[in-house]
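Below is one structure, written out as structure tokens, with a few remarks after it.
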Amino acid sequence: MLLDTTHLMETALLVLAAYLLGCVLGYGIRRVLYAARGTRQRTAIATSAAAMALPEIKRSRSPAARLAARVDEPMPAPARVVQPRVIEPPVIASRPRPSSRTTKSMDRAPAALLAPRGEAADNLRQIKGIGPKIEASLNGLGIYHFDQIAGWTKANVDWVDDQLAFKGRIGRERWVEQAAKMTRVKADA
Amino acid sequence: MDWDGLTYLLGVYWPYLLAATLIGLVVGWRSFAPPKA
């Protein structure tokens, strides 16, 4: 039995060594291949740059002829023009707008705040089921505090569910009850 | 472990060792993150 255990340990060590060897090999091979590809690209760039520069070197005309040739030549295009990209602000959540929403939808929407009350918003991630993304989405909808969620009606819950495409998650995870509890804890503290 | 024992284990368990090496290769390959330009 002792022999078997020793045997097992040795085999396990061998397998581990093989695995580690594979890890090092895989990493090394990919690194070498990446470096080789980078060198090839650099060589290609250098070659093309040399090819572009070659006509300039070969030109051995008189200054007047060179000037005339330059006038005839089309303007060389700039190497690379980087167009400034206008970065649109991410639309996290669509705040209800009276122009685009029906009156019925507006009635279902919970009371929203433009900014958190006081100095900071509540940490909504304390509610089980709310992560950083959902918290950001809720903030985008004007929900910053536990008492806001605690005060949601069924219609409000349905509306937020629709807005964030949660498919009943708010009810399943009992956000309103959790938020009410958090509100009480916050009030007691 | 002496040399005979090692060769015996290699002879018997080589498929497992090969499999472990292949898994390691994949893991090592995937763990390489090309530096961002």
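Residue numbering restarts at 1 in every chain; chains get A, B, ... in the order shown in the structure tokens, and ligands count up from 1 in that same order.
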Please list as a PyMOL selection string every residue within 6 Å of Leu25 in chain B, counting only C-alpha atoms and excluding residues in the same chain fewer than 6 positions away. chain A and resi 22-23+26
So which bits of chain B end up alpha helix (DSSP H) when you DSSP the backbone, as a PDB file with C-alpha atoms, in the first residue's frame?
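File produced: selection_11.pdb:
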ATOM      1  CA  TRP B   3      16.382   6.027 -13.285  1.00  0.00           C
ATOM      2  CA  ASP B   4      14.707   2.653 -13.787  1.00  0.00           C
ATOM      3  CA  GLY B   5      11.681   3.764 -11.823  1.00  0.00           C
ATOM      4  CA  LEU B   6      11.420   6.937 -13.835  1.00  0.00           C
ATOM      5  CA  THR B   7      11.641   5.158 -17.168  1.00  0.00           C
ATOM      6  CA  TYR B   8       9.056   2.681 -15.956  1.00  0.00           C
ATOM      7  CA  LEU B   9       6.653   5.475 -15.004  1.00  0.00           C
ATOM      8  CA  LEU B  10       7.288   7.283 -18.265  1.00  0.00           C
ATOM      9  CA  GLY B  11       6.649   4.082 -20.162  1.00  0.00           C
ATOM     10  CA  VAL B  12       3.412   3.323 -18.377  1.00  0.00           C
ATOM     11  CA  TYR B  13       1.933   6.762 -17.859  1.00  0.00           C
ATOM     12  CA  TRP B  14       3.134   8.554 -20.979  1.00  0.00           C
ATOM     13  CA  PRO B  15      -0.389   9.221 -22.295  1.00  0.00           C
ATOM     14  CA  TYR B  16      -1.266  11.049 -19.081  1.00  0.00           C
ATOM     15  CA  LEU B  17       1.971  12.987 -19.215  1.00  0.00           C
ATOM     16  CA  LEU B  18       1.321  13.863 -22.838  1.00  0.00           C
ATOM     17  CA  ALA B  19      -2.181  15.024 -21.980  1.00  0.00           C
ATOM     18  CA  ALA B  20      -0.861  17.141 -19.103  1.00  0.00           C
ATOM     19  CA  THR B  21       1.759  18.651 -21.401  1.00  0.00           C
ATOM     20  CA  LEU B  22      -0.862  19.491 -24.006  1.00  0.00           C
ATOM     21  CA  ILE B  23      -3.098  21.089 -21.397  1.00  0.00           C
ATOM     22  CA  GLY B  24      -0.103  23.039 -20.147  1.00  0.00           C
ATOM     23  CA  LEU B  25       0.691  24.132 -23.696  1.00  0.00           C
ATOM     24  CA  VAL B  26      -2.809  25.489 -24.165  1.00  0.00           C
ATOM     25  CA  VAL B  27      -2.771  27.234 -20.782  1.00  0.00           C
ATOM     26  CA  GLY B  28       0.662  28.716 -21.417  1.00  0.00           C
ATOM     27  CA  TRP B  29      -0.311  29.777 -24.924  1.00  0.00           C
ATOM     28  CA  ARG B  30      -3.424  31.511 -23.704  1.00  0.00           C
ATOM     29  CA  SER B  31      -1.653  33.166 -20.791  1.00  0.00           C
TER      30      SER B  31
END
What are the nearest atom pairs, with distances in Å to one decimal, for all residues of chain A that come at most 12 Å from chain B, using only C-alpha atoms, set out by chain and rising residue number as CSV?
residue,atom,partner,partner_atom,distance
A:Leu3,CA,B:Met1,CA,11.9
A:Thr6,CA,B:Met1,CA,9.6
A:His7,CA,B:Leu9,CA,8.6
A:Leu8,CA,B:Leu9,CA,10.0
A:Met9,CA,B:Met1,CA,10.9
A:Glu10,CA,B:Met1,CA,8.0
A:Thr11,CA,B:Leu9,CA,6.9
A:Ala12,CA,B:Leu17,CA,9.4
A:Leu13,CA,B:Leu17,CA,10.1
A:Leu14,CA,B:Leu17,CA,7.1
A:Val15,CA,B:Leu17,CA,5.1
A:Leu16,CA,B:Ala20,CA,7.3
A:Ala17,CA,B:Thr21,CA,8.4
A:Ala18,CA,B:Thr21,CA,4.9
A:Tyr19,CA,B:Gly24,CA,4.5
A:Leu20,CA,B:Gly24,CA,6.1
A:Leu21,CA,B:Thr21,CA,6.5
A:Gly22,CA,B:Gly24,CA,4.0
A:Cys23,CA,B:Gly28,CA,3.9
A:Val24,CA,B:Gly28,CA,6.0
A:Leu25,CA,B:Leu25,CA,6.1
A:Gly26,CA,B:Leu25,CA,4.1
A:Tyr27,CA,B:Gly28,CA,4.3
A:Gly28,CA,B:Trp29,CA,7.9
A:Ile29,CA,B:Trp29,CA,7.5
A:Arg30,CA,B:Trp29,CA,5.8
A:Arg31,CA,B:Phe32,CA,6.9
A:Val32,CA,B:Phe32,CA,10.7
A:Leu33,CA,B:Trp29,CA,10.7
A:Tyr34,CA,B:Pro34,CA,7.6
A:Ala35,CA,B:Pro34,CA,9.5
A:Arg37,CA,B:Pro34,CA,11.5
A:Gly38,CA,B:Pro34,CA,10.6
Check the smallest atom-to-atom distance from each of A:Pro132, A:Gly118, A:Pro110, A:Gly151 to Gln178 in chain A using only C-alpha atoms, then report the winner. A:Gly151
Identify, on the basis of only C-alpha atoms, every residue whose closest approach to Ala187 in chain A does not exceed 12 Å; exclude the query and any residue fewer than 5 positions from it along the same chain; express the result as an MDAnalysis selection string. chainID A and resid 146:147 180:182
Please write the residues from the selection above to a file, keeping C-alpha atoms, as a PDB file, in the first residue's frame.
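Saved as selection.pdb:
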ATOM      1  CA  PHE A 146     -32.513  52.549  -0.588  1.00  0.00           C
ATOM      2  CA  ASP A 147     -35.670  54.397   0.411  1.00  0.00           C
ATOM      3  CA  ALA A 180     -36.686  48.473   3.076  1.00  0.00           C
ATOM      4  CA  LYS A 181     -34.471  46.538   5.434  1.00  0.00           C
ATOM      5  CA  MET A 182     -31.441  48.611   4.415  1.00  0.00           C
TER       6      MET A 182
END
Computed interatomic separation between CA of Leu138 in chain A and CA of Trp152 in chain A (Å):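 CA of Leu138 in chain A sits 13.0 Å away from CA of Trp152 in chain A.
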Atom pair CA of Ala150 in chain A / CA of Ile134 in chain A: separation (Å):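 A separation of 16.5 Å between them.
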